[in-house]
Amino acid sequence: MKKEFLYTVDGAKVMVELALRDDTYNQNWNVPAVHTITGEELVKVLHDITGYKKGIRTVSKGMIRLIGIFSPSMKEVVEMLYLTEQPVILSGDKYERKIGHLPRTSYRVGIEETIIWMKERAKYRSASKNNKKSAYNSVGRNLPTEI
C-alpha cells in the first residue's frame with residue numbers, strides 16, 4: 001500500500017512560510033510529501049543508501065499488542081494503528097495556488113540527510129560525554145548544548 005512520508009524539513013519550511021504571512025491565519029493547510037511510496041520501495045532506498053542487505057521484517061499488530069502489556073507507550077501505539085490501515089494522501093493545491101512551490105525533497109535525499117544528521121548528533125553526544133565543546137551538525141552550525 002502506498003503512503004506518504006513527509007520530510008520534516010519540508011514541513012518546517014511550509015510552516016514558517018505560513019506563519020510569516022498574515023493572509024494565511026485561521027485556515028487549514030495540507031503539506032503533502034513528494035509522492036506516495038510503498039514500504040518495499042522505502043526499504044529499497046534504505047538498502048541502496050546504507051548498503052545494508054539483510055532482510056527486513058515487519059512487526060504485526062499482535063506483536064505490538066504483546067509488547068504493550070509491558071510498555072504503556074506501545075499499548076498506545078496499538079490504539080493509533082488504525083491511522084496506518086488506510087493511507088492519507090494530502091493535496092497541496094491550495095498552498096501552491098496561494099503561495100507557490102511546495103518544497104518536495106526526494107525520499108532518497110531526505111533519508112541521506114537524516115542519516116548525516118543522526119551521525120553528527122551521535123558525534124555530538126559522544127563529545128558531550130567527553131566534555132568536548134566543539135561538535136557540528138551537517139550544516140556547520142554548533143549544535144545546542146541540550147538535545
# chains A, B, ... in the order shown; residues from 1 in each chain; ligands from 1
>>> residues_around(residues="range 39-54 of chain A", least_positions_apart="4", cutoff="12 Å", atoms="only C-alpha atoms", output="count of residues only")
19
>>> residues_around(residues="range 20-26 of chain A", least_positions_apart="5", cutoff="12 Å", atoms="only C-alpha atoms", output="MDAnalysis selection string")
chainID A and resid 13:15 94:95 98:99
>>> write_last_selection(atoms="N, CA, C and O atoms", output="short mmCIF file (atom, residue, chain, number, x, y, z; two decimals), in the first residue's frame")
data_model
loop_
_atom_site.label_atom_id
_atom_site.label_comp_id
_atom_site.auth_asym_id
_atom_site.auth_seq_id
_atom_site.Cartn_x
_atom_site.Cartn_y
_atom_site.Cartn_z
N LYS A 13 9.61 24.18 6.55
CA LYS A 13 9.68 25.32 5.62
C LYS A 13 8.29 25.87 5.33
O LYS A 13 8.08 27.09 5.31
N VAL A 14 7.34 24.97 5.11
CA VAL A 14 5.97 25.40 4.83
C VAL A 14 5.38 26.09 6.06
O VAL A 14 4.73 27.14 5.95
N MET A 15 5.59 25.53 7.24
CA MET A 15 5.05 26.13 8.46
C MET A 15 5.60 27.53 8.68
O MET A 15 4.85 28.45 9.05
N LYS A 94 -3.97 23.99 -2.59
CA LYS A 94 -4.29 25.29 -2.01
C LYS A 94 -3.01 26.10 -1.76
O LYS A 94 -2.93 27.28 -2.10
N TYR A 95 -2.02 25.46 -1.19
CA TYR A 95 -0.75 26.13 -0.91
C TYR A 95 -0.12 26.63 -2.21
O TYR A 95 0.34 27.77 -2.29
N LYS A 98 -2.02 29.66 -3.68
CA LYS A 98 -1.94 30.89 -2.90
C LYS A 98 -0.50 31.37 -2.71
O LYS A 98 -0.23 32.56 -2.72
N ILE A 99 0.43 30.45 -2.52
CA ILE A 99 1.79 30.83 -2.12
C ILE A 99 2.83 30.48 -3.17
O ILE A 99 3.74 31.24 -3.43
#
>>> closest_residue(among="A:Leu6, A:Ile69, A:Leu90, A:Met74", to="Trp29 in chain A", atoms="only C-alpha atoms")
A:Leu90
>>> select_by_dssp(residues="chain A", states="helix (DSSP H, G or I)", output="PyMOL selection string")
chain A and resi 8-19+22-24+39-50+61-68+72-80+82-85+93-98+107-129
>>> write_last_selection(atoms="C-alpha atoms", output="PDB file, in the first residue's frame")
ATOM      1  CA  THR A   8      10.309  17.172   8.404  1.00  0.00           C
ATOM      2  CA  VAL A   9      12.450  19.923   6.872  1.00  0.00           C
ATOM      3  CA  ASP A  10       9.911  20.357   4.045  1.00  0.00           C
ATOM      4  CA  GLY A  11       7.080  20.582   6.570  1.00  0.00           C
ATOM      5  CA  ALA A  12       9.029  23.094   8.650  1.00  0.00           C
ATOM      6  CA  LYS A  13       9.681  25.321   5.619  1.00  0.00           C
ATOM      7  CA  VAL A  14       5.968  25.399   4.831  1.00  0.00           C
ATOM      8  CA  MET A  15       5.047  26.125   8.458  1.00  0.00           C
ATOM      9  CA  VAL A  16       7.485  29.040   8.611  1.00  0.00           C
ATOM     10  CA  GLU A  17       6.207  30.460   5.322  1.00  0.00           C
ATOM     11  CA  LEU A  18       2.613  30.236   6.550  1.00  0.00           C
ATOM     12  CA  ALA A  19       3.499  31.775   9.918  1.00  0.00           C
ATOM     13  CA  ASP A  22      -0.955  37.478   7.696  1.00  0.00           C
ATOM     14  CA  ASP A  23      -3.230  36.161   4.943  1.00  0.00           C
ATOM     15  CA  THR A  24      -2.774  32.502   5.934  1.00  0.00           C
ATOM     16  CA  GLY A  39       7.182   0.107   2.299  1.00  0.00           C
ATOM     17  CA  GLU A  40       9.091  -2.138  -0.078  1.00  0.00           C
ATOM     18  CA  GLU A  41      10.221   0.854  -2.155  1.00  0.00           C
ATOM     19  CA  LEU A  42      11.313   2.672   1.002  1.00  0.00           C
ATOM     20  CA  VAL A  43      13.323  -0.342   2.157  1.00  0.00           C
ATOM     21  CA  LYS A  44      14.989  -0.471  -1.284  1.00  0.00           C
ATOM     22  CA  VAL A  45      16.028   3.190  -0.934  1.00  0.00           C
ATOM     23  CA  LEU A  46      17.411   2.457   2.546  1.00  0.00           C
ATOM     24  CA  HIS A  47      19.316  -0.588   1.254  1.00  0.00           C
ATOM     25  CA  ASP A  48      20.755   1.444  -1.635  1.00  0.00           C
ATOM     26  CA  ILE A  49      21.905   4.263   0.654  1.00  0.00           C
ATOM     27  CA  THR A  50      23.272   2.214   3.543  1.00  0.00           C
ATOM     28  CA  LYS A  61      -0.356  -5.636  15.416  1.00  0.00           C
ATOM     29  CA  GLY A  62      -0.438  -8.725  17.662  1.00  0.00           C
ATOM     30  CA  MET A  63       3.274  -8.410  18.434  1.00  0.00           C
ATOM     31  CA  ILE A  64       2.869  -4.734  19.299  1.00  0.00           C
ATOM     32  CA  ARG A  65      -0.129  -5.612  21.472  1.00  0.00           C
ATOM     33  CA  LEU A  66       2.019  -8.174  23.332  1.00  0.00           C
ATOM     34  CA  ILE A  67       4.779  -5.606  23.899  1.00  0.00           C
ATOM     35  CA  GLY A  68       2.037  -3.236  25.110  1.00  0.00           C
ATOM     36  CA  PRO A  72       2.308   1.586  28.142  1.00  0.00           C
ATOM     37  CA  SER A  73       3.604   3.635  25.210  1.00  0.00           C
ATOM     38  CA  MET A  74       3.418   0.595  22.910  1.00  0.00           C
ATOM     39  CA  LYS A  75      -0.132  -0.017  24.107  1.00  0.00           C
ATOM     40  CA  GLU A  76      -0.935   3.477  22.839  1.00  0.00           C
ATOM     41  CA  VAL A  77       0.710   2.636  19.500  1.00  0.00           C
ATOM     42  CA  VAL A  78      -1.792  -0.208  19.041  1.00  0.00           C
ATOM     43  CA  GLU A  79      -4.647   2.226  19.636  1.00  0.00           C
ATOM     44  CA  MET A  80      -3.291   4.511  16.876  1.00  0.00           C
ATOM     45  CA  TYR A  82      -5.919   2.459  12.568  1.00  0.00           C
ATOM     46  CA  LEU A  83      -4.224   5.545  11.127  1.00  0.00           C
ATOM     47  CA  THR A  84      -1.933   3.270   9.099  1.00  0.00           C
ATOM     48  CA  GLU A  85      -4.643   0.979   7.722  1.00  0.00           C
ATOM     49  CA  ASP A  93      -3.083  22.519  -4.321  1.00  0.00           C
ATOM     50  CA  LYS A  94      -4.292  25.289  -2.008  1.00  0.00           C
ATOM     51  CA  TYR A  95      -0.752  26.132  -0.915  1.00  0.00           C
ATOM     52  CA  GLU A  96       0.570  26.132  -4.468  1.00  0.00           C
ATOM     53  CA  ARG A  97      -2.275  28.351  -5.721  1.00  0.00           C
ATOM     54  CA  LYS A  98      -1.936  30.893  -2.904  1.00  0.00           C
ATOM     55  CA  TYR A 107      12.881  10.239  -0.211  1.00  0.00           C
ATOM     56  CA  ARG A 108      16.490   9.389  -1.100  1.00  0.00           C
ATOM     57  CA  VAL A 109      17.812  12.867  -0.276  1.00  0.00           C
ATOM     58  CA  GLY A 110      15.675  13.134   2.864  1.00  0.00           C
ATOM     59  CA  ILE A 111      16.940   9.805   4.172  1.00  0.00           C
ATOM     60  CA  GLU A 112      20.555  10.659   3.287  1.00  0.00           C
ATOM     61  CA  GLU A 113      20.292  13.999   5.123  1.00  0.00           C
ATOM     62  CA  THR A 114      18.638  12.333   8.104  1.00  0.00           C
ATOM     63  CA  ILE A 115      21.413   9.743   8.339  1.00  0.00           C
ATOM     64  CA  ILE A 116      24.036  12.515   8.219  1.00  0.00           C
ATOM     65  CA  TRP A 117      22.158  14.395  10.965  1.00  0.00           C
ATOM     66  CA  MET A 118      21.919  11.257  13.092  1.00  0.00           C
ATOM     67  CA  LYS A 119      25.646  10.542  12.741  1.00  0.00           C
ATOM     68  CA  GLU A 120      26.527  14.146  13.620  1.00  0.00           C
ATOM     69  CA  ARG A 121      24.184  14.020  16.600  1.00  0.00           C
ATOM     70  CA  ALA A 122      25.862  10.809  17.770  1.00  0.00           C
ATOM     71  CA  LYS A 123      29.273  12.541  17.492  1.00  0.00           C
ATOM     72  CA  TYR A 124      27.938  15.498  19.454  1.00  0.00           C
ATOM     73  CA  ARG A 125      26.548  13.289  22.178  1.00  0.00           C
ATOM     74  CA  SER A 126      29.827  11.393  22.345  1.00  0.00           C
ATOM     75  CA  ALA A 127      31.784  14.664  22.507  1.00  0.00           C
ATOM     76  CA  SER A 128      29.454  15.961  25.227  1.00  0.00           C
ATOM     77  CA  LYS A 129      30.121  12.882  27.304  1.00  0.00           C
TER      78      LYS A 129
END
>>> closest_residue(among="A:Thr105, A:Gly55, A:Ser71, A:Ser91", to="Asn30 in chain A", atoms="only C-alpha atoms")
A:Ser91
>>> select_by_dssp(residues="chain A", states="strand (DSSP E or B)", output="compact mmCIF listing (two decimals) with N, CA and C atoms, in the first residue's frame")
# COMPACT_ATOMS: atom_id res chain seq x y z
N LYS A 3 1.92 5.04 0.70
CA LYS A 3 1.64 6.06 1.72
C LYS A 3 2.55 7.25 1.50
N ILE A 37 4.73 6.24 -1.64
CA ILE A 37 5.75 5.21 -1.76
C ILE A 37 5.32 4.00 -0.94
N TYR A 136 29.66 19.76 15.49
CA TYR A 136 28.89 20.48 14.47
C TYR A 136 27.85 19.58 13.83
N ASN A 142 27.06 25.17 15.32
CA ASN A 142 27.17 24.48 16.59
C ASN A 142 25.82 23.90 16.97
